[in-house]
$ cat data.pdb   # PDB, C-alpha atoms, pLDDT in the B column
ATOM      1  CA  MET A 871     188.589  -0.091  -7.348  1.00 37.00           C
ATOM      2  CA  SER A 872     186.186  -0.219  -4.428  1.00 46.00           C
ATOM      3  CA  ALA A 873     182.538   0.387  -5.219  1.00 46.00           C
ATOM      4  CA  ALA A 874     182.605   2.927  -2.369  1.00 47.00           C
ATOM      5  CA  ASN A 875     184.337   5.283  -4.803  1.00 57.00           C
ATOM      6  CA  ASN A 876     180.978   5.494  -6.559  1.00 82.00           C
ATOM      7  CA  LEU A 877     178.988   6.346  -3.433  1.00 95.00           C
ATOM      8  CA  ASN A 878     177.248   9.699  -3.584  1.00 97.00           C
ATOM      9  CA  ALA A 879     176.270  10.817  -0.073  1.00 98.00           C
ATOM     10  CA  LEU A 880     174.051  13.875   0.251  1.00 98.00           C
ATOM     11  CA  ILE A 881     173.299  15.300   3.692  1.00 98.00           C
ATOM     12  CA  LEU A 882     170.378  17.664   4.307  1.00 98.00           C
ATOM     13  CA  LEU A 883     170.841  19.363   7.676  1.00 98.00           C
ATOM     14  CA  ASP A 884     168.095  21.345   9.381  1.00 98.00           C
ATOM     15  CA  ARG A 885     169.432  24.719  10.539  1.00 98.00           C
ATOM     16  CA  SER A 886     166.133  26.079  11.880  1.00 98.00           C
ATOM     17  CA  GLY A 887     166.200  28.084  15.094  1.00 97.00           C
ATOM     18  CA  SER A 888     165.366  25.140  17.340  1.00 97.00           C
ATOM     19  CA  MET A 889     168.629  23.467  16.309  1.00 98.00           C
ATOM     20  CA  GLU A 890     170.700  26.084  18.122  1.00 97.00           C
ATOM     21  CA  SER A 891     171.248  24.051  21.302  1.00 97.00           C
ATOM     22  CA  ARG A 892     172.446  21.021  19.323  1.00 97.00           C
ATOM     23  CA  TRP A 893     174.115  22.727  16.360  1.00 98.00           C
ATOM     24  CA  ASP A 894     177.772  22.175  17.245  1.00 98.00           C
ATOM     25  CA  GLU A 895     177.117  18.528  18.009  1.00 98.00           C
ATOM     26  CA  ALA A 896     175.227  18.098  14.741  1.00 98.00           C
ATOM     27  CA  LEU A 897     178.100  19.546  12.730  1.00 98.00           C
ATOM     28  CA  GLY A 898     180.590  17.358  14.583  1.00 98.00           C
ATOM     29  CA  ALA A 899     178.492  14.304  13.773  1.00 98.00           C
ATOM     30  CA  VAL A 900     178.413  15.187  10.071  1.00 98.00           C
ATOM     31  CA  ASN A 901     182.192  15.600  10.029  1.00 98.00           C
ATOM     32  CA  ALA A 902     182.612  12.251  11.792  1.00 98.00           C
ATOM     33  CA  TYR A 903     180.334  10.547   9.247  1.00 98.00           C
ATOM     34  CA  VAL A 904     182.403  11.766   6.314  1.00 98.00           C
ATOM     35  CA  LYS A 905     185.685  10.738   7.923  1.00 96.00           C
ATOM     36  CA  GLU A 906     184.334   7.225   8.470  1.00 95.00           C
ATOM     37  CA  LEU A 907     183.116   6.843   4.885  1.00 93.00           C
ATOM     38  CA  GLY A 908     186.520   6.147   3.414  1.00 84.00           C
ATOM     39  CA  LYS A 909     185.949   6.817  -0.277  1.00 87.00           C
ATOM     40  CA  ALA A 910     182.842   8.658  -1.415  1.00 95.00           C
ATOM     41  CA  ASN A 911     181.627  11.953  -2.808  1.00 97.00           C
ATOM     42  CA  VAL A 912     179.783  14.059  -0.252  1.00 98.00           C
ATOM     43  CA  THR A 913     177.424  17.012  -0.525  1.00 98.00           C
ATOM     44  CA  LEU A 914     176.204  18.926   2.522  1.00 98.00           C
ATOM     45  CA  ALA A 915     173.302  21.364   2.389  1.00 98.00           C
ATOM     46  CA  THR A 916     171.597  23.252   5.200  1.00 98.00           C
ATOM     47  CA  PHE A 917     168.069  24.613   5.132  1.00 98.00           C
ATOM     48  CA  ASP A 918     165.725  26.875   7.025  1.00 98.00           C
ATOM     49  CA  GLY A 919     162.842  29.208   6.311  1.00 97.00           C
ATOM     50  CA  VAL A 920     163.153  33.004   6.446  1.00 94.00           C
ATOM     51  CA  ASP A 921     160.698  34.579   3.998  1.00 93.00           C
ATOM     52  CA  GLY A 922     160.776  31.340   2.049  1.00 94.00           C
ATOM     53  CA  LEU A 923     163.231  28.509   1.722  1.00 97.00           C
ATOM     54  CA  LYS A 924     166.904  29.175   2.408  1.00 97.00           C
ATOM     55  CA  PHE A 925     168.897  26.275   0.977  1.00 98.00           C
ATOM     56  CA  ASP A 926     172.668  26.565   1.163  1.00 98.00           C
ATOM     57  CA  VAL A 927     175.107  24.021  -0.250  1.00 98.00           C
ATOM     58  CA  LEU A 928     178.147  24.161   2.042  1.00 98.00           C
ATOM     59  CA  ARG A 929     180.040  21.308   0.364  1.00 98.00           C
ATOM     60  CA  SER A 930     179.400  20.042  -3.168  1.00 98.00           C
ATOM     61  CA  HIS A 931     180.651  16.632  -4.335  1.00 96.00           C
ATOM     62  CA  VAL A 932     183.702  16.764  -2.097  1.00 97.00           C
ATOM     63  CA  LYS A 933     185.785  13.597  -1.914  1.00 96.00           C
ATOM     64  CA  ALA A 934     185.597  12.254   1.626  1.00 96.00           C
ATOM     65  CA  GLY A 935     189.380  12.174   1.878  1.00 94.00           C
ATOM     66  CA  SER A 936     189.557  15.888   1.084  1.00 96.00           C
ATOM     67  CA  TRP A 937     186.765  16.923   3.439  1.00 97.00           C
ATOM     68  CA  ARG A 938     187.291  20.166   5.362  1.00 97.00           C
ATOM     69  CA  ASP A 939     185.360  20.128   8.622  1.00 98.00           C
ATOM     70  CA  VAL A 940     182.232  22.247   8.512  1.00 98.00           C
ATOM     71  CA  THR A 941     181.964  24.709  11.407  1.00 97.00           C
ATOM     72  CA  SER A 942     179.414  27.053  12.943  1.00 96.00           C
ATOM     73  CA  ALA A 943     181.254  29.953  11.290  1.00 97.00           C
ATOM     74  CA  GLU A 944     179.732  28.809   7.978  1.00 97.00           C
ATOM     75  CA  ALA A 945     176.117  28.536   9.096  1.00 96.00           C
ATOM     76  CA  SER A 946     174.087  29.116  12.231  1.00 95.00           C
ATOM     77  CA  PRO A 947     170.496  28.211  13.175  1.00 97.00           C
ATOM     78  CA  ARG A 948     167.590  30.508  12.345  1.00 97.00           C
ATOM     79  CA  GLY A 949     164.063  30.455  10.990  1.00 97.00           C
ATOM     80  CA  TRP A 950     161.519  27.735  10.344  1.00 97.00           C
ATOM     81  CA  THR A 951     161.517  24.203   8.873  1.00 98.00           C
ATOM     82  CA  PRO A 952     160.479  24.022   5.183  1.00 98.00           C
ATOM     83  CA  LEU A 953     161.461  20.372   5.105  1.00 98.00           C
ATOM     84  CA  TYR A 954     159.563  19.355   1.981  1.00 98.00           C
ATOM     85  CA  ASP A 955     160.896  22.220  -0.125  1.00 98.00           C
ATOM     86  CA  ALA A 956     164.453  21.475   1.013  1.00 98.00           C
ATOM     87  CA  PHE A 957     164.086  17.761   0.393  1.00 98.00           C
ATOM     88  CA  ALA A 958     163.075  18.470  -3.196  1.00 98.00           C
ATOM     89  CA  ARG A 959     166.274  20.485  -3.663  1.00 98.00           C
ATOM     90  CA  ILE A 960     168.572  17.788  -2.283  1.00 98.00           C
ATOM     91  CA  VAL A 961     166.909  15.117  -4.426  1.00 98.00           C
ATOM     92  CA  ALA A 962     167.388  17.354  -7.468  1.00 98.00           C
ATOM     93  CA  LEU A 963     171.117  17.424  -6.679  1.00 98.00           C
ATOM     94  CA  ALA A 964     171.113  13.639  -6.455  1.00 98.00           C
ATOM     95  CA  ASP A 965     169.295  13.412  -9.776  1.00 98.00           C
ATOM     96  CA  ALA A 966     171.858  15.694 -11.415  1.00 97.00           C
ATOM     97  CA  ALA A 967     174.736  13.500 -10.216  1.00 96.00           C
ATOM     98  CA  ALA A 968     172.890  10.330 -11.285  1.00 95.00           C
ATOM     99  CA  ARG A 969     175.114   7.870  -9.416  1.00 95.00           C
ATOM    100  CA  PRO A 970     173.732   4.341  -8.938  1.00 93.00           C
ATOM    101  CA  LYS A 971     174.885   4.172  -5.311  1.00 94.00           C
ATOM    102  CA  THR A 972     173.301   7.182  -3.623  1.00 97.00           C
ATOM    103  CA  VAL A 973     172.303   7.875  -0.030  1.00 98.00           C
ATOM    104  CA  VAL A 974     170.263  10.931   0.952  1.00 98.00           C
ATOM    105  CA  ILE A 975     170.411  11.684   4.686  1.00 98.00           C
ATOM    106  CA  VAL A 976     167.963  14.050   6.359  1.00 98.00           C
ATOM    107  CA  MET A 977     168.660  15.301   9.896  1.00 98.00           C
ATOM    108  CA  THR A 978     166.057  17.440  11.649  1.00 98.00           C
ATOM    109  CA  ASP A 979     164.782  18.174  15.132  1.00 97.00           C
ATOM    110  CA  GLY A 980     161.203  18.879  14.107  1.00 95.00           C
ATOM    111  CA  GLU A 981     158.371  18.494  11.661  1.00 95.00           C
ATOM    112  CA  GLU A 982     157.705  20.236   8.383  1.00 97.00           C
ATOM    113  CA  ASN A 983     156.138  23.638   9.058  1.00 95.00           C
ATOM    114  CA  ALA A 984     156.986  26.146   6.332  1.00 96.00           C
ATOM    115  CA  SER A 985     157.116  24.677   2.806  1.00 97.00           C
ATOM    116  CA  ARG A 986     155.549  26.701   0.013  1.00 97.00           C
ATOM    117  CA  GLU A 987     156.713  24.911  -3.131  1.00 96.00           C
ATOM    118  CA  VAL A 988     156.337  21.176  -2.500  1.00 96.00           C
ATOM    119  CA  SER A 989     153.528  19.095  -0.992  1.00 97.00           C
ATOM    120  CA  ARG A 990     153.687  15.944   1.108  1.00 97.00           C
ATOM    121  CA  GLN A 991     152.409  13.979  -1.893  1.00 98.00           C
ATOM    122  CA  ASP A 992     155.229  15.391  -4.030  1.00 98.00           C
ATOM    123  CA  VAL A 993     157.792  14.282  -1.447  1.00 98.00           C
ATOM    124  CA  GLN A 994     156.276  10.814  -1.225  1.00 98.00           C
ATOM    125  CA  ALA A 995     156.612  10.478  -4.990  1.00 98.00           C
ATOM    126  CA  MET A 996     160.267  11.585  -4.795  1.00 98.00           C
ATOM    127  CA  VAL A 997     161.050   9.005  -2.116  1.00 98.00           C
ATOM    128  CA  GLU A 998     159.344   6.264  -4.128  1.00 98.00           C
ATOM    129  CA  ARG A 999     161.390   7.275  -7.163  1.00 98.00           C
ATOM    130  CA  CYS A1000     164.559   7.014  -5.078  1.00 98.00           C
ATOM    131  CA  LYS A1001     163.507   3.551  -3.903  1.00 96.00           C
ATOM    132  CA  ALA A1002     162.979   2.450  -7.507  1.00 96.00           C
ATOM    133  CA  LYS A1003     166.628   3.352  -8.211  1.00 95.00           C
ATOM    134  CA  ASN A1004     167.781   1.572  -5.038  1.00 94.00           C
ATOM    135  CA  TRP A1005     168.874   4.907  -3.633  1.00 97.00           C
ATOM    136  CA  GLN A1006     168.734   5.045   0.152  1.00 97.00           C
ATOM    137  CA  VAL A1007     166.787   7.815   1.918  1.00 98.00           C
ATOM    138  CA  VAL A1008     167.647   7.955   5.632  1.00 98.00           C
ATOM    139  CA  PHE A1009     165.751  10.069   8.174  1.00 98.00           C
ATOM    140  CA  LEU A1010     167.415  11.043  11.457  1.00 98.00           C
ATOM    141  CA  GLY A1011     165.564  12.701  14.333  1.00 98.00           C
ATOM    142  CA  ALA A1012     167.698  14.891  16.597  1.00 97.00           C
ATOM    143  CA  ASP A1013     166.010  14.633  20.001  1.00 96.00           C
ATOM    144  CA  PHE A1014     162.839  14.221  17.982  1.00 95.00           C
ATOM    145  CA  ASP A1015     160.533  11.251  17.455  1.00 94.00           C
ATOM    146  CA  ALA A1016     161.065  11.126  13.712  1.00 96.00           C
ATOM    147  CA  PHE A1017     158.900   8.167  12.805  1.00 97.00           C
ATOM    148  CA  ALA A1018     155.635  10.009  12.142  1.00 96.00           C
ATOM    149  CA  GLN A1019     157.316  12.619   9.921  1.00 97.00           C
ATOM    150  CA  ALA A1020     159.366   9.980   8.101  1.00 97.00           C
ATOM    151  CA  ASP A1021     156.219   7.941   7.496  1.00 97.00           C
ATOM    152  CA  GLN A1022     154.486  10.975   5.984  1.00 97.00           C
ATOM    153  CA  MET A1023     157.385  11.141   3.527  1.00 98.00           C
ATOM    154  CA  SER A1024     157.278   7.360   2.807  1.00 98.00           C
ATOM    155  CA  VAL A1025     160.721   6.806   4.373  1.00 98.00           C
ATOM    156  CA  PRO A1026     160.782   3.236   5.762  1.00 97.00           C
ATOM    157  CA  VAL A1027     160.971   2.583   9.484  1.00 97.00           C
ATOM    158  CA  ALA A1028     164.161   0.577   8.861  1.00 97.00           C
ATOM    159  CA  ARG A1029     165.893   3.756   7.667  1.00 98.00           C
ATOM    160  CA  THR A1030     164.562   6.052  10.388  1.00 98.00           C
ATOM    161  CA  LEU A1031     166.467   6.683  13.613  1.00 98.00           C
ATOM    162  CA  ASN A1032     165.848   8.739  16.742  1.00 98.00           C
ATOM    163  CA  MET A1033     169.056  10.151  18.214  1.00 98.00           C
ATOM    164  CA  LYS A1034     169.499  11.478  21.723  1.00 97.00           C
ATOM    165  CA  LYS A1035     171.700  14.501  22.316  1.00 96.00           C
ATOM    166  CA  GLY A1036     175.179  13.247  23.118  1.00 97.00           C
ATOM    167  CA  ARG A1037     174.780  10.303  20.734  1.00 98.00           C
ATOM    168  CA  TYR A1038     174.755  12.058  17.356  1.00 98.00           C
ATOM    169  CA  ARG A1039     178.379  11.320  16.517  1.00 98.00           C
ATOM    170  CA  ALA A1040     178.135   7.637  17.429  1.00 98.00           C
ATOM    171  CA  SER A1041     174.950   7.310  15.385  1.00 98.00           C
ATOM    172  CA  PHE A1042     176.533   8.928  12.333  1.00 98.00           C
ATOM    173  CA  GLU A1043     179.571   6.674  12.650  1.00 97.00           C
ATOM    174  CA  ARG A1044     177.263   3.656  12.652  1.00 97.00           C
ATOM    175  CA  LEU A1045     175.475   5.087   9.631  1.00 98.00           C
ATOM    176  CA  ALA A1046     178.837   5.440   7.887  1.00 97.00           C
ATOM    177  CA  LYS A1047     179.418   1.728   8.393  1.00 95.00           C
ATOM    178  CA  ARG A1048     175.994   0.934   6.896  1.00 95.00           C
ATOM    179  CA  SER A1049     176.723   3.326   4.018  1.00 96.00           C
ATOM    180  CA  ARG A1050     180.021   1.594   3.247  1.00 93.00           C
ATOM    181  CA  GLU A1051     178.314  -1.798   3.254  1.00 92.00           C
ATOM    182  CA  TYR A1052     175.662  -0.509   0.869  1.00 94.00           C
ATOM    183  CA  ALA A1053     178.302   1.028  -1.430  1.00 92.00           C
ATOM    184  CA  ASP A1054     180.534  -2.044  -1.494  1.00 88.00           C
ATOM    185  CA  PHE A1055     177.777  -4.574  -2.102  1.00 83.00           C
ATOM    186  CA  ASP A1056     177.758  -6.044  -5.602  1.00 72.00           C
ATOM    187  CA  SER A1057     174.086  -6.026  -6.569  1.00 64.00           C
ATOM    188  CA  SER A1058     174.866  -7.994  -9.738  1.00 60.00           C
ATOM    189  CA  VAL A1059     175.490 -11.041  -7.559  1.00 61.00           C
ATOM    190  CA  SER A1060     172.231 -11.000  -5.588  1.00 60.00           C
ATOM    191  CA  ALA A1061     169.449  -8.683  -4.431  1.00 62.00           C
ATOM    192  CA  PRO A1062     170.595  -5.148  -3.552  1.00 69.00           C
ATOM    193  CA  LEU A1063     171.620  -4.455   0.043  1.00 86.00           C
ATOM    194  CA  ASP A1064     169.639  -1.721   1.796  1.00 93.00           C
ATOM    195  CA  ILE A1065     170.755   0.490   4.650  1.00 95.00           C
ATOM    196  CA  GLU A1066     168.821  -0.686   7.696  1.00 96.00           C
ATOM    197  CA  PHE A1067     169.277   0.231  11.347  1.00 96.00           C
ATOM    198  CA  THR A1068     169.591  -2.622  13.822  1.00 95.00           C
ATOM    199  CA  ASP A1069     168.220  -2.833  17.369  1.00 96.00           C
ATOM    200  CA  GLU A1070     171.781  -2.241  18.551  1.00 97.00           C
ATOM    201  CA  ASP A1071     171.975   0.938  16.461  1.00 97.00           C
ATOM    202  CA  ARG A1072     168.710   2.182  17.968  1.00 97.00           C
ATOM    203  CA  ASP A1073     169.734   1.417  21.548  1.00 97.00           C
ATOM    204  CA  ASP A1074     173.056   3.179  21.043  1.00 97.00           C
ATOM    205  CA  ALA A1075     171.347   6.228  19.519  1.00 97.00           C
ATOM    206  CA  ALA A1076     169.033   6.379  22.522  1.00 95.00           C
ATOM    207  CA  GLY A1077     171.932   6.110  24.962  1.00 94.00           C
ATOM    208  CA  LYS A1078     170.776   2.794  26.381  1.00 90.00           C
TER     209      LYS A1078
END

$ encode --input "data.pdb" --output "structure tokens"
Amino acid sequence: MSAANNLNALILLDRSGSMESRWDEALGAVNAYVKELGKANVTLATFDGVDGLKFDVLRSHVKAGSWRDVTSAEASPRGWTPLYDAFARIVALADAAARPKTVVIVMTDGEENASREVSRQDVQAMVERCKAKNWQVVFLGADFDAFAQADQMSVPVARTLNMKKGRYRASFERLAKRSREYADFDSSVSAPLDIEFTDEDRDDAAGK
């Protein structure tokens, strides 16, 4: 049995109001990612801030082969960006599943601006805890220079990517390839394999 069967992929998708112009493309990219995974369990949650955090799990531990495309009929952009509060929720879902091969993917078009429950220091501690388990936290900026925000959360540069509109799907398909490599790698043989974006990945995401 392929180790990819044990991959737990959790996607945290920003649905704040500023995502409206890129929403359909973002959903299409998520669907493309899942279809390229092969065998994995996938959870998709959206978040925004309207009188506090709104965190909605649209798909929970769905086998990639049984994935039903998510559409704008299920969620539409609104509100603010309580990124830290939402990140805490998605990590809690990862903790509950407790799978050794876990990737947590954050996609946003802006910085944290509305969290009430969780601080930056709390998030940094969560990311460090994920690193200690060899879980992969990936930060994707949708037409947004994500590096400063990712750094504030202790997400490594190697797992941070800026994506230009029109390149979301291609970037997620490349991430699926990296996710499969991470899932299939036998860490009992040598040091664990991390998900890391290449220069080619970055150029493609930027439309170069």

$ closest_residue --input "data.pdb" --among "A:Glu987, A:Asp884, A:Glu906, A:Asp1054" --to "A:Phe1042" --atoms "all atoms listed in the file"
A:Glu906

$ axis_aligned_box --input "data.pdb" --around "stretch 1018-1022 of chain A" --padding-each-side "3 Å" --output "JSON"
{"center_x": 156.9, "center_y": 10.3, "center_z": 9.1, "size_x": 10.9, "size_y": 10.7, "size_z": 12.2}

$ atom_distance --input "data.pdb" --atom1 "atom CA of A:Gly919" --atom2 "atom CA of A:Gly887"
9.5 Å

$ resolve_selection --input "data.pdb" --expression "the PyMOL selection byres ((chain A and resi 1034) around 10)" --output "list of chain:residue names"
A:Gly1011, A:Ala1012, A:Asp1013, A:Phe1014, A:Asp1015, A:Leu1031, A:Asn1032, A:Met1033, A:Lys1035, A:Gly1036, A:Arg1037, A:Tyr1038, A:Ser1041, A:Asp1074, A:Ala1075, A:Ala1076, A:Gly1077, A:Lys1078

$ resolve_selection --input "data.pdb" --expression "the PyMOL selection byres ((chain A and resi 954) around 9)" --output "PyMOL selection string"
chain A and resi 951-953+955-959+982-990+992-993+1023

$ resolve_selection --input "data.pdb" --expression "the PyMOL selection byres ((chain A and resi 1000) around 12)" --output "number ranges by chain"
A: 958, 960-962, 964-965, 968-974, 993-999, 1001-1008, 1023-1025

$ write_last_selection --input "data.pdb" --atoms "C-alpha atoms" --output "short mmCIF file (atom, residue, chain, number, x, y, z; two decimals), keeping the file's coordinate frame"
data_model
loop_
_atom_site.label_atom_id
_atom_site.label_comp_id
_atom_site.auth_asym_id
_atom_site.auth_seq_id
_atom_site.Cartn_x
_atom_site.Cartn_y
_atom_site.Cartn_z
CA ALA A 958 163.07 18.47 -3.20
CA ILE A 960 168.57 17.79 -2.28
CA VAL A 961 166.91 15.12 -4.43
CA ALA A 962 167.39 17.35 -7.47
CA ALA A 964 171.11 13.64 -6.46
CA ASP A 965 169.30 13.41 -9.78
CA ALA A 968 172.89 10.33 -11.28
CA ARG A 969 175.11 7.87 -9.42
CA PRO A 970 173.73 4.34 -8.94
CA LYS A 971 174.88 4.17 -5.31
CA THR A 972 173.30 7.18 -3.62
CA VAL A 973 172.30 7.88 -0.03
CA VAL A 974 170.26 10.93 0.95
CA VAL A 993 157.79 14.28 -1.45
CA GLN A 994 156.28 10.81 -1.23
CA ALA A 995 156.61 10.48 -4.99
CA MET A 996 160.27 11.58 -4.80
CA VAL A 997 161.05 9.01 -2.12
CA GLU A 998 159.34 6.26 -4.13
CA ARG A 999 161.39 7.28 -7.16
CA LYS A 1001 163.51 3.55 -3.90
CA ALA A 1002 162.98 2.45 -7.51
CA LYS A 1003 166.63 3.35 -8.21
CA ASN A 1004 167.78 1.57 -5.04
CA TRP A 1005 168.87 4.91 -3.63
CA GLN A 1006 168.73 5.04 0.15
CA VAL A 1007 166.79 7.82 1.92
CA VAL A 1008 167.65 7.96 5.63
CA MET A 1023 157.38 11.14 3.53
CA SER A 1024 157.28 7.36 2.81
CA VAL A 1025 160.72 6.81 4.37
#

$ atom_distance --input "data.pdb" --atom1 "atom CA of A:Thr941" --atom2 "atom CA of A:Asp979"
18.8 Å

$ closest_residue --input "data.pdb" --among "A:Ile1065, A:Leu914, A:Leu882, A:Ala1053" --to "A:Thr1030" --atoms "only C-alpha atoms"
A:Ile1065

$ closest_residue --input "data.pdb" --among "A:Asn901, A:Lys909, A:Thr978, A:Trp893" --to "A:Arg1050" --atoms "only C-alpha atoms"
A:Lys909

$ closest_residue --input "data.pdb" --among "A:Val904, A:Leu897, A:Leu883, A:Ala966" --to "A:Asp926" --atoms "all atoms listed in the file"
A:Leu883

$ residues_near_point --input "data.pdb" --point "(174.3, 5.2, 10.7)" --cutoff "9 Å" --atoms "only C-alpha atoms" --output "mmCIF file with C-alpha atoms, in the frame of the given file"
data_model
loop_
_atom_site.group_PDB
_atom_site.id
_atom_site.type_symbol
_atom_site.label_atom_id
_atom_site.label_comp_id
_atom_site.auth_asym_id
_atom_site.auth_seq_id
_atom_site.Cartn_x
_atom_site.Cartn_y
_atom_site.Cartn_z
ATOM 1 C CA TYR A 903 180.334 10.547 9.247
ATOM 2 C CA VAL A 1008 167.647 7.955 5.632
ATOM 3 C CA LEU A 1031 166.467 6.683 13.613
ATOM 4 C CA ALA A 1040 178.135 7.637 17.429
ATOM 5 C CA SER A 1041 174.950 7.310 15.385
ATOM 6 C CA PHE A 1042 176.533 8.928 12.333
ATOM 7 C CA GLU A 1043 179.571 6.674 12.650
ATOM 8 C CA ARG A 1044 177.263 3.656 12.652
ATOM 9 C CA LEU A 1045 175.475 5.087 9.631
ATOM 10 C CA ALA A 1046 178.837 5.440 7.887
ATOM 11 C CA LYS A 1047 179.418 1.728 8.393
ATOM 12 C CA ARG A 1048 175.994 0.934 6.896
ATOM 13 C CA SER A 1049 176.723 3.326 4.018
ATOM 14 C CA ILE A 1065 170.755 0.490 4.650
ATOM 15 C CA GLU A 1066 168.821 -0.686 7.696
ATOM 16 C CA PHE A 1067 169.277 0.231 11.347
ATOM 17 C CA ASP A 1071 171.975 0.938 16.461
#

$ closest_residue --input "data.pdb" --among "A:Gln991, A:Val927, A:Phe917, A:Asn876" --to "A:Gln1022" --atoms "all atoms listed in the file"
A:Gln991

$ closest_residue --input "data.pdb" --among "A:Thr916, A:Gln1019, A:Ala934, A:Arg929" --to "A:Glu981" --atoms "all atoms listed in the file"
A:Gln1019

$ atom_distance --input "data.pdb" --atom1 "atom CA of A:Phe1055" --atom2 "atom CA of A:Leu928"
29.0 Å
